[in-house]
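Asker: Pasting upload_6.pdb below, which is PDB, C-alpha atoms.
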MODEL        1
ATOM      1  CA  MET A   1      -8.797  15.429 -39.193  1.00  0.00           C
ATOM      2  CA  VAL A   2      -8.852  14.370 -35.548  1.00  0.00           C
ATOM      3  CA  ASP A   3      -9.717  17.138 -33.067  1.00  0.00           C
ATOM      4  CA  TYR A   4      -7.213  16.375 -30.305  1.00  0.00           C
ATOM      5  CA  GLN A   5      -8.175  19.396 -28.216  1.00  0.00           C
ATOM      6  CA  ASN A   6     -11.772  18.228 -27.848  1.00  0.00           C
ATOM      7  CA  ARG A   7     -10.596  14.662 -27.455  1.00  0.00           C
ATOM      8  CA  PHE A   8      -8.607  15.645 -24.370  1.00  0.00           C
ATOM      9  CA  GLN A   9     -10.833  18.268 -22.806  1.00  0.00           C
ATOM     10  CA  GLY A  10     -14.494  17.869 -23.463  1.00  0.00           C
ATOM     11  CA  PRO A  11     -17.424  15.750 -24.590  1.00  0.00           C
ATOM     12  CA  SER A  12     -18.188  15.130 -28.229  1.00  0.00           C
ATOM     13  CA  HIS A  13     -21.485  14.298 -29.863  1.00  0.00           C
ATOM     14  CA  SER A  14     -21.935  11.880 -32.719  1.00  0.00           C
ATOM     15  CA  ALA A  15     -24.198  12.931 -35.543  1.00  0.00           C
ATOM     16  CA  ASP A  16     -25.946   9.576 -35.577  1.00  0.00           C
ATOM     17  CA  ASP A  17     -26.766   9.442 -31.875  1.00  0.00           C
ATOM     18  CA  GLY A  18     -30.446   9.814 -32.679  1.00  0.00           C
ATOM     19  CA  GLU A  19     -31.119  12.140 -29.758  1.00  0.00           C
ATOM     20  CA  SER A  20     -30.156  15.592 -28.646  1.00  0.00           C
ATOM     21  CA  PRO A  21     -26.673  15.895 -27.110  1.00  0.00           C
ATOM     22  CA  SER A  22     -28.303  17.327 -24.007  1.00  0.00           C
ATOM     23  CA  SER A  23     -30.471  14.241 -23.541  1.00  0.00           C
ATOM     24  CA  PRO A  24     -29.863  12.617 -20.148  1.00  0.00           C
ATOM     25  CA  GLN A  25     -29.513   9.244 -21.849  1.00  0.00           C
ATOM     26  CA  ARG A  26     -27.324  10.292 -24.821  1.00  0.00           C
ATOM     27  CA  SER A  27     -24.762  12.761 -23.549  1.00  0.00           C
ATOM     28  CA  GLY A  28     -21.470  13.241 -25.373  1.00  0.00           C
ATOM     29  CA  ASN A  29     -18.442  11.001 -25.033  1.00  0.00           C
ATOM     30  CA  ALA A  30     -16.239  12.028 -22.127  1.00  0.00           C
ATOM     31  CA  GLY A  31     -12.926  13.695 -22.937  1.00  0.00           C
ATOM     32  CA  LEU A  32      -9.639  12.043 -22.088  1.00  0.00           C
ATOM     33  CA  MET A  33      -8.675  14.595 -19.422  1.00  0.00           C
ATOM     34  CA  PRO A  34     -11.837  14.056 -17.317  1.00  0.00           C
ATOM     35  CA  ARG A  35     -11.433  10.286 -17.729  1.00  0.00           C
ATOM     36  CA  ALA A  36      -7.787  10.486 -16.648  1.00  0.00           C
ATOM     37  CA  GLY A  37      -8.770  12.572 -13.623  1.00  0.00           C
ATOM     38  CA  ALA A  38     -11.516  10.124 -12.658  1.00  0.00           C
ATOM     39  CA  PHE A  39      -9.112   7.208 -13.094  1.00  0.00           C
ATOM     40  CA  ALA A  40      -6.487   8.892 -10.890  1.00  0.00           C
ATOM     41  CA  ALA A  41      -9.095   9.561  -8.192  1.00  0.00           C
ATOM     42  CA  ASP A  42     -10.232   5.930  -8.255  1.00  0.00           C
ATOM     43  CA  ILE A  43      -6.655   4.632  -8.063  1.00  0.00           C
ATOM     44  CA  PHE A  44      -6.014   6.920  -5.079  1.00  0.00           C
ATOM     45  CA  VAL A  45      -8.983   5.379  -3.261  1.00  0.00           C
ATOM     46  CA  VAL A  46      -7.886   1.856  -4.226  1.00  0.00           C
ATOM     47  CA  VAL A  47      -4.365   2.494  -2.904  1.00  0.00           C
ATOM     48  CA  LEU A  48      -5.784   3.644   0.430  1.00  0.00           C
ATOM     49  CA  LEU A  49      -7.960   0.536   0.608  1.00  0.00           C
ATOM     50  CA  VAL A  50      -5.093  -1.808  -0.295  1.00  0.00           C
ATOM     51  CA  VAL A  51      -2.710  -0.240   2.233  1.00  0.00           C
ATOM     52  CA  THR A  52      -5.350  -0.519   4.957  1.00  0.00           C
ATOM     53  CA  ILE A  53      -6.247  -4.128   4.142  1.00  0.00           C
ATOM     54  CA  VAL A  54      -2.637  -5.252   3.778  1.00  0.00           C
ATOM     55  CA  ASN A  55      -1.572  -3.630   7.046  1.00  0.00           C
ATOM     56  CA  PHE A  56      -4.486  -4.799   9.180  1.00  0.00           C
ATOM     57  CA  PHE A  57      -5.352  -8.156   7.622  1.00  0.00           C
ATOM     58  CA  VAL A  58      -2.247  -9.475   5.826  1.00  0.00           C
ATOM     59  CA  LEU A  59       0.911  -8.234   7.537  1.00  0.00           C
ATOM     60  CA  SER A  60      -0.514  -8.282  11.052  1.00  0.00           C
ATOM     61  CA  GLN A  61      -1.643 -11.888  10.589  1.00  0.00           C
ATOM     62  CA  ASN A  62       1.734 -13.072   9.270  1.00  0.00           C
ATOM     63  CA  PRO A  63       4.470 -11.714  11.572  1.00  0.00           C
ATOM     64  CA  ASP A  64       6.845 -14.585  10.769  1.00  0.00           C
ATOM     65  CA  ALA A  65       6.528 -13.944   7.048  1.00  0.00           C
ATOM     66  CA  VAL A  66       7.129 -10.225   7.575  1.00  0.00           C
ATOM     67  CA  GLN A  67      10.297 -10.993   9.524  1.00  0.00           C
ATOM     68  CA  ALA A  68      11.400 -13.412   6.805  1.00  0.00           C
ATOM     69  CA  LEU A  69      10.797 -10.709   4.202  1.00  0.00           C
ATOM     70  CA  GLU A  70      12.925  -8.216   6.133  1.00  0.00           C
ATOM     71  CA  GLU A  71      15.740 -10.750   6.474  1.00  0.00           C
ATOM     72  CA  TYR A  72      15.514 -11.670   2.804  1.00  0.00           C
ATOM     73  CA  THR A  73      15.596  -7.999   1.779  1.00  0.00           C
ATOM     74  CA  GLU A  74      18.747  -7.484   3.829  1.00  0.00           C
ATOM     75  CA  GLU A  75      20.286 -10.609   2.318  1.00  0.00           C
ATOM     76  CA  VAL A  76      19.580  -9.370  -1.220  1.00  0.00           C
ATOM     77  CA  ARG A  77      21.057  -5.961  -0.387  1.00  0.00           C
ATOM     78  CA  GLU A  78      24.257  -7.543   0.920  1.00  0.00           C
ATOM     79  CA  HIS A  79      24.391  -9.759  -2.158  1.00  0.00           C
ATOM     80  CA  GLN A  80      24.133  -6.736  -4.452  1.00  0.00           C
ATOM     81  CA  GLU A  81      26.884  -4.942  -2.545  1.00  0.00           C
ATOM     82  CA  SER A  82      29.167  -7.944  -2.883  1.00  0.00           C
ATOM     83  CA  ASN A  83      28.466  -8.132  -6.595  1.00  0.00           C
ATOM     84  CA  ASP A  84      29.619  -4.538  -6.956  1.00  0.00           C
ATOM     85  CA  THR A  85      33.106  -5.610  -5.970  1.00  0.00           C
ATOM     86  CA  ASP A  86      33.190  -8.941  -7.797  1.00  0.00           C
ATOM     87  CA  GLU A  87      33.767  -9.321 -11.510  1.00  0.00           C
ATOM     88  CA  ALA A  88      31.412 -12.279 -11.852  1.00  0.00           C
ATOM     89  CA  LEU A  89      27.818 -11.371 -11.031  1.00  0.00           C
ATOM     90  CA  GLU A  90      25.881 -14.087  -9.276  1.00  0.00           C
ATOM     91  CA  PRO A  91      22.080 -14.308  -9.187  1.00  0.00           C
ATOM     92  CA  PRO A  92      20.418 -13.296  -5.904  1.00  0.00           C
ATOM     93  CA  PRO A  93      19.340 -16.055  -3.537  1.00  0.00           C
ATOM     94  CA  PRO A  94      15.791 -17.374  -4.049  1.00  0.00           C
ATOM     95  CA  PRO A  95      13.193 -16.034  -1.620  1.00  0.00           C
ATOM     96  CA  PRO A  96      12.000 -18.269   1.222  1.00  0.00           C
ATOM     97  CA  GLU A  97       8.626 -19.948   0.827  1.00  0.00           C
ATOM     98  CA  ALA A  98       7.131 -17.731   3.543  1.00  0.00           C
ATOM     99  CA  VAL A  99       8.126 -14.622   1.582  1.00  0.00           C
ATOM    100  CA  GLU A 100       6.612 -16.005  -1.622  1.00  0.00           C
ATOM    101  CA  ARG A 101       3.326 -16.710   0.179  1.00  0.00           C
ATOM    102  CA  LEU A 102       3.276 -13.202   1.651  1.00  0.00           C
ATOM    103  CA  VAL A 103       3.922 -11.541  -1.717  1.00  0.00           C
ATOM    104  CA  ARG A 104       1.268 -13.749  -3.326  1.00  0.00           C
ATOM    105  CA  SER A 105      -1.249 -12.753  -0.627  1.00  0.00           C
ATOM    106  CA  ILE A 106      -0.545  -9.066  -1.205  1.00  0.00           C
ATOM    107  CA  TYR A 107      -0.934  -9.475  -4.955  1.00  0.00           C
ATOM    108  CA  ILE A 108      -4.254 -11.302  -4.573  1.00  0.00           C
ATOM    109  CA  THR A 109      -5.419  -8.565  -2.194  1.00  0.00           C
ATOM    110  CA  ILE A 110      -4.654  -5.928  -4.818  1.00  0.00           C
ATOM    111  CA  LEU A 111      -6.494  -7.857  -7.538  1.00  0.00           C
ATOM    112  CA  LEU A 112      -9.600  -8.502  -5.407  1.00  0.00           C
ATOM    113  CA  THR A 113      -9.701  -4.914  -4.148  1.00  0.00           C
ATOM    114  CA  LEU A 114      -9.601  -3.579  -7.706  1.00  0.00           C
ATOM    115  CA  LEU A 115     -12.303  -5.987  -8.833  1.00  0.00           C
ATOM    116  CA  ILE A 116     -14.672  -5.415  -5.917  1.00  0.00           C
ATOM    117  CA  TYR A 117     -14.124  -1.651  -5.909  1.00  0.00           C
ATOM    118  CA  PHE A 118     -14.967  -1.058  -9.566  1.00  0.00           C
ATOM    119  CA  ALA A 119     -17.744  -3.650  -9.758  1.00  0.00           C
ATOM    120  CA  ALA A 120     -19.485  -2.593  -6.544  1.00  0.00           C
ATOM    121  CA  ALA A 121     -19.116   1.129  -7.215  1.00  0.00           C
ATOM    122  CA  GLU A 122     -20.516   0.979 -10.740  1.00  0.00           C
ATOM    123  CA  LEU A 123     -23.318  -1.402  -9.754  1.00  0.00           C
ATOM    124  CA  LEU A 124     -24.438   0.747  -6.811  1.00  0.00           C
ATOM    125  CA  THR A 125     -24.270   4.008  -8.751  1.00  0.00           C
ATOM    126  CA  LYS A 126     -25.448   2.617 -12.108  1.00  0.00           C
ATOM    127  CA  GLY A 127     -22.208   3.250 -13.965  1.00  0.00           C
ATOM    128  CA  ALA A 128     -20.283   5.817 -11.955  1.00  0.00           C
ATOM    129  CA  SER A 129     -17.344   4.993  -9.686  1.00  0.00           C
ATOM    130  CA  PRO A 130     -16.371   7.624  -7.052  1.00  0.00           C
ATOM    131  CA  GLY A 131     -13.836   9.074  -9.488  1.00  0.00           C
ATOM    132  CA  LYS A 132     -16.440   9.318 -12.245  1.00  0.00           C
ATOM    133  CA  LEU A 133     -18.914  10.911  -9.842  1.00  0.00           C
ATOM    134  CA  LEU A 134     -16.293  13.521  -8.980  1.00  0.00           C
ATOM    135  CA  PHE A 135     -15.771  14.357 -12.647  1.00  0.00           C
ATOM    136  CA  LYS A 136     -19.460  13.910 -13.580  1.00  0.00           C
ATOM    137  CA  LEU A 137     -19.002  10.918 -15.855  1.00  0.00           C
ATOM    138  CA  GLN A 138     -21.067   7.787 -16.329  1.00  0.00           C
ATOM    139  CA  VAL A 139     -20.650   4.434 -18.066  1.00  0.00           C
ATOM    140  CA  VAL A 140     -23.564   3.507 -20.359  1.00  0.00           C
ATOM    141  CA  ARG A 141     -24.351   0.906 -23.007  1.00  0.00           C
ATOM    142  CA  THR A 142     -23.270   1.707 -26.546  1.00  0.00           C
ATOM    143  CA  ASP A 143     -26.514   0.656 -28.207  1.00  0.00           C
ATOM    144  CA  ALA A 144     -29.004   3.043 -26.590  1.00  0.00           C
ATOM    145  CA  GLY A 145     -27.071   5.024 -23.990  1.00  0.00           C
ATOM    146  CA  GLU A 146     -28.929   3.239 -21.221  1.00  0.00           C
ATOM    147  CA  THR A 147     -27.639   2.280 -17.789  1.00  0.00           C
ATOM    148  CA  LEU A 148     -25.486  -0.819 -17.559  1.00  0.00           C
ATOM    149  CA  ALA A 149     -26.651  -4.348 -17.078  1.00  0.00           C
ATOM    150  CA  THR A 150     -25.029  -6.254 -14.219  1.00  0.00           C
ATOM    151  CA  SER A 151     -23.223  -8.589 -16.634  1.00  0.00           C
ATOM    152  CA  ALA A 152     -21.637  -5.700 -18.552  1.00  0.00           C
ATOM    153  CA  THR A 153     -20.506  -4.070 -15.319  1.00  0.00           C
ATOM    154  CA  VAL A 154     -18.905  -7.288 -14.092  1.00  0.00           C
ATOM    155  CA  VAL A 155     -17.152  -7.960 -17.423  1.00  0.00           C
ATOM    156  CA  ARG A 156     -15.852  -4.403 -17.584  1.00  0.00           C
ATOM    157  CA  SER A 157     -14.643  -4.486 -13.968  1.00  0.00           C
ATOM    158  CA  VAL A 158     -12.909  -7.854 -14.358  1.00  0.00           C
ATOM    159  CA  ILE A 159     -10.943  -6.666 -17.402  1.00  0.00           C
ATOM    160  CA  LYS A 160      -9.952  -3.405 -15.697  1.00  0.00           C
ATOM    161  CA  ALA A 161      -8.888  -5.189 -12.517  1.00  0.00           C
ATOM    162  CA  VAL A 162      -6.853  -7.822 -14.346  1.00  0.00           C
ATOM    163  CA  THR A 163      -5.043  -5.331 -16.601  1.00  0.00           C
ATOM    164  CA  LEU A 164      -4.259  -3.067 -13.643  1.00  0.00           C
ATOM    165  CA  ALA A 165      -3.017  -5.998 -11.579  1.00  0.00           C
ATOM    166  CA  LEU A 166      -0.890  -7.209 -14.483  1.00  0.00           C
ATOM    167  CA  ALA A 167       0.665  -3.748 -14.680  1.00  0.00           C
ATOM    168  CA  ILE A 168       2.312  -4.505 -11.335  1.00  0.00           C
ATOM    169  CA  LEU A 169       4.226  -7.298 -13.066  1.00  0.00           C
ATOM    170  CA  HIS A 170       6.750  -5.354 -15.115  1.00  0.00           C
ATOM    171  CA  PRO A 171       6.980  -7.691 -18.132  1.00  0.00           C
ATOM    172  CA  LEU A 172       3.198  -7.504 -18.612  1.00  0.00           C
ATOM    173  CA  LEU A 173       2.905  -3.721 -18.351  1.00  0.00           C
ATOM    174  CA  LEU A 174       2.117  -3.518 -22.076  1.00  0.00           C
ATOM    175  CA  VAL A 175      -1.180  -5.310 -21.434  1.00  0.00           C
ATOM    176  CA  PHE A 176      -2.316  -2.356 -19.336  1.00  0.00           C
ATOM    177  CA  VAL A 177      -1.017   0.245 -21.797  1.00  0.00           C
ATOM    178  CA  PHE A 178      -2.586  -1.502 -24.795  1.00  0.00           C
ATOM    179  CA  ASN A 179      -5.993  -1.632 -23.074  1.00  0.00           C
ATOM    180  CA  TYR A 180      -6.091   2.129 -22.506  1.00  0.00           C
ATOM    181  CA  LEU A 181      -4.517   3.190 -25.811  1.00  0.00           C
ATOM    182  CA  PHE A 182      -7.851   2.468 -27.508  1.00  0.00           C
ATOM    183  CA  ALA A 183      -9.349   5.503 -25.769  1.00  0.00           C
ATOM    184  CA  PHE A 184      -6.821   7.809 -27.427  1.00  0.00           C
ATOM    185  CA  PHE A 185      -6.952   6.470 -30.969  1.00  0.00           C
ATOM    186  CA  THR A 186     -10.691   5.863 -31.356  1.00  0.00           C
ATOM    187  CA  GLN A 187     -13.375   8.411 -32.106  1.00  0.00           C
ATOM    188  CA  GLU A 188     -15.624   7.333 -29.224  1.00  0.00           C
ATOM    189  CA  ARG A 189     -12.674   7.256 -26.783  1.00  0.00           C
ATOM    190  CA  ARG A 190     -13.481   3.746 -25.641  1.00  0.00           C
ATOM    191  CA  ALA A 191     -10.837   1.670 -23.891  1.00  0.00           C
ATOM    192  CA  GLY A 192     -10.333  -2.023 -24.577  1.00  0.00           C
ATOM    193  CA  HIS A 193     -12.633  -3.041 -21.724  1.00  0.00           C
ATOM    194  CA  ASP A 194     -15.333  -0.741 -23.155  1.00  0.00           C
ATOM    195  CA  TYR A 195     -15.258  -2.551 -26.484  1.00  0.00           C
ATOM    196  CA  ILE A 196     -15.473  -5.974 -24.881  1.00  0.00           C
ATOM    197  CA  ALA A 197     -18.285  -4.958 -22.495  1.00  0.00           C
ATOM    198  CA  ARG A 198     -20.023  -2.821 -25.179  1.00  0.00           C
ATOM    199  CA  THR A 199     -19.945   0.324 -23.074  1.00  0.00           C
ATOM    200  CA  ARG A 200     -18.777   3.906 -23.348  1.00  0.00           C
ATOM    201  CA  VAL A 201     -18.108   6.727 -20.884  1.00  0.00           C
ATOM    202  CA  ILE A 202     -20.181   9.886 -21.248  1.00  0.00           C
ATOM    203  CA  ALA A 203     -20.150  13.320 -19.673  1.00  0.00           C
ATOM    204  CA  LYS A 204     -23.186  13.865 -17.469  1.00  0.00           C
ATOM    205  CA  PRO A 205     -23.152  17.418 -16.059  1.00  0.00           C
ATOM    206  CA  SER A 206     -26.480  16.937 -14.296  1.00  0.00           C
ATOM    207  CA  THR A 207     -25.941  13.377 -13.033  1.00  0.00           C
ATOM    208  CA  SER A 208     -27.089  12.655  -9.510  1.00  0.00           C
ATOM    209  CA  PHE A 209     -25.355  10.212  -7.137  1.00  0.00           C
ATOM    210  CA  TYR A 210     -27.278   7.215  -8.466  1.00  0.00           C
ATOM    211  CA  GLY A 211     -26.641   7.989 -12.129  1.00  0.00           C
ATOM    212  CA  GLN A 212     -30.070   9.447 -12.938  1.00  0.00           C
ATOM    213  CA  ALA A 213     -30.712  12.918 -14.245  1.00  0.00           C
ATOM    214  CA  PRO A 214     -32.548  15.149 -11.756  1.00  0.00           C
ATOM    215  CA  SER A 215     -36.220  15.804 -12.248  1.00  0.00           C
ATOM    216  CA  GLN A 216     -37.087  18.598 -14.653  1.00  0.00           C
ATOM    217  CA  ASP A 217     -40.583  19.187 -13.188  1.00  0.00           C
ATOM    218  CA  PRO A 218     -41.362  22.902 -12.805  1.00  0.00           C
ATOM    219  CA  VAL A 219     -41.390  24.310  -9.320  1.00  0.00           C
ATOM    220  CA  PRO A 220     -45.019  24.841  -8.259  1.00  0.00           C
TER     221      PRO A 220
ENDMDL
END
Mind converting the file's structure to structure tokens?
Answerer:
Amino acid sequence: MVDYQNRFQGPSHSADDGESPSSPQRSGNAGLMPRAGAFAADIFVVVLLVVTIVNFFVLSQNPDAVQALEEYTEEVREHQESNDTDEALEPPPPPPEAVERLVRSIYITILLTLLIYFAAAELLTKGASPGKLLFKLQVVRTDAGETLATSATVVRSVIKAVTLALAILHPLLLVFVFNYLFAFFTQERRAGHDYIARTRVIAKPSTSFYGQAPSQDPVP
């Protein structure tokens, strides 16, 4: 029978781990609640970064496109109001090319920010983004619980960034949901990107900033 309380709240330890659950390299799988909290913290940081980049480097550099977007938004609003009074609904007017370029630039900014954020954070901290550091979690390899190789970190970050970016496109939201449903229905609580990159997220109560357990040498 699946223990949903432990699955949500705390780490679990597999009987075939081969090492003590308290080992710095083989800690228990992280619960879903800490992972959700770490994910929310990371998304909060990403949103701040995207808003800053879009405002200072995208919108400010394309004033004509911003004006075109405002005019197009007003045109669509007036079109919707007119449709409310007409029996035959007409499709809204197509957006100008300048508006399409602006929206495309914003979307690419979101995708690149997600990719660089997760890849750089987990490379610099050896498997712990700022959100994971806050909740004392770490991403490790599934085979020996060791720190991630650069290739695994990049693969994992690319999949996360793409699925999150696709979630912005409403028809493809299921791609994002499907990726993270794995963590709920599997014993090791691994998401889709964990399976592809051969990683798992563990609870590391004594993890330092760079993903290494602190020294256990006795105080002289």
Asker: Could you state which residues are captured by the PyMOL selection byres ((chain A and resi 137) around 7) in this file, as a PyMOL selection string?
Answerer: chain A and resi 30+128+132-133+135-136+138+201-204
Asker: What is the distance, in Å and to one decimal place, between CA of Thr153 in chain A and CA of Ile53 in chain A?
Answerer: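 About the pair CA of Thr153 in chain A and CA of Ile53 in chain A: they are 24.1 Å apart.
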Asker: Residues within 8 Å of Val50 in chain A, please, as an MDAnalysis selection string. Count all atoms listed in the file; anything in the same chain fewer than 6 positions from it doesn't count.
Answerer: chainID A and resid 109:110 113
Asker: Find the spatial neighbours of range 61-76 of chain A, counting only C-alpha atoms, within a cut-off of 12 Å - ignore same-chain residues fewer than 3 positions away - and output them as a PyMOL selection string.
Answerer: chain A and resi 53-58+79-83+90-106
Asker: Could you list as a list in words every residue that has an atom within 12 Å of (-18.7, -8.6, -12.3), using the file's coordinates and counting all atoms listed in the file?
Answerer: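 Those within range, by chain then number, are Leu112, Leu114, Leu115, Ile116, Tyr117, Phe118, Ala119, Ala120, Ala121, Glu122, Leu123, Leu148, Ala149, Thr150, Ser151, Ala152, Thr153, Val154, Val155, Arg156, Ser157, Val158, Ile159, Lys160, Ala161 and Ala197 of chain A.
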Asker: When you draw a straight line from CA of Asp143 in chain A to CA of Tyr195 in chain A, how long is it in Å?
Answerer: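 Between CA of Asp143 in chain A and CA of Tyr195 in chain A the gap is 11.8 Å.
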Asker: Restricting the calculation to only C-alpha atoms: of A:Phe185, A:Lys126, A:Val175, A:Phe39, which residue gets closest to Glu146 in chain A?
Answerer: A:Lys126
Asker: So that I can check the surroundings of Ala183 in chain A, please list as a PDB file with C-alpha atoms, keeping the file's coordinate frame every protein, DNA and RNA residue that reaches within 12 Å of it, counting only C-alpha atoms and ignoring chain neighbours fewer than 2 positions away.
Answerer:
ATOM      1  CA  TYR A   4      -7.213  16.375 -30.305  1.00  0.00           C
ATOM      2  CA  ARG A   7     -10.596  14.662 -27.455  1.00  0.00           C
ATOM      3  CA  PHE A   8      -8.607  15.645 -24.370  1.00  0.00           C
ATOM      4  CA  ASN A  29     -18.442  11.001 -25.033  1.00  0.00           C
ATOM      5  CA  ALA A  30     -16.239  12.028 -22.127  1.00  0.00           C
ATOM      6  CA  GLY A  31     -12.926  13.695 -22.937  1.00  0.00           C
ATOM      7  CA  LEU A  32      -9.639  12.043 -22.088  1.00  0.00           C
ATOM      8  CA  MET A  33      -8.675  14.595 -19.422  1.00  0.00           C
ATOM      9  CA  ARG A  35     -11.433  10.286 -17.729  1.00  0.00           C
ATOM     10  CA  ALA A  36      -7.787  10.486 -16.648  1.00  0.00           C
ATOM     11  CA  VAL A 177      -1.017   0.245 -21.797  1.00  0.00           C
ATOM     12  CA  PHE A 178      -2.586  -1.502 -24.795  1.00  0.00           C
ATOM     13  CA  ASN A 179      -5.993  -1.632 -23.074  1.00  0.00           C
ATOM     14  CA  TYR A 180      -6.091   2.129 -22.506  1.00  0.00           C
ATOM     15  CA  LEU A 181      -4.517   3.190 -25.811  1.00  0.00           C
ATOM     16  CA  PHE A 185      -6.952   6.470 -30.969  1.00  0.00           C
ATOM     17  CA  THR A 186     -10.691   5.863 -31.356  1.00  0.00           C
ATOM     18  CA  GLN A 187     -13.375   8.411 -32.106  1.00  0.00           C
ATOM     19  CA  GLU A 188     -15.624   7.333 -29.224  1.00  0.00           C
ATOM     20  CA  ARG A 189     -12.674   7.256 -26.783  1.00  0.00           C
ATOM     21  CA  ARG A 190     -13.481   3.746 -25.641  1.00  0.00           C
ATOM     22  CA  ALA A 191     -10.837   1.670 -23.891  1.00  0.00           C
ATOM     23  CA  GLY A 192     -10.333  -2.023 -24.577  1.00  0.00           C
ATOM     24  CA  HIS A 193     -12.633  -3.041 -21.724  1.00  0.00           C
ATOM     25  CA  ASP A 194     -15.333  -0.741 -23.155  1.00  0.00           C
ATOM     26  CA  TYR A 195     -15.258  -2.551 -26.484  1.00  0.00           C
ATOM     27  CA  ARG A 200     -18.777   3.906 -23.348  1.00  0.00           C
ATOM     28  CA  VAL A 201     -18.108   6.727 -20.884  1.00  0.00           C
TER      29      VAL A 201
END
Asker: Kindly compute an axis-aligned box around the listed atoms of range 172-185 of chain A, allowing 8 Å on each side, and express its centre and edge lengths in Å to one decimal as JSON.
Answerer:
{"center_x": -3.1, "center_y": 0.2, "center_z": -24.7, "size_x": 28.5, "size_y": 31.3, "size_z": 28.6}
Asker: For the atom pair CA of Thr199 in chain A and CA of Val140 in chain A, what is the interatomic distance in Å to one decimal place?
Answerer: 5.5 Å
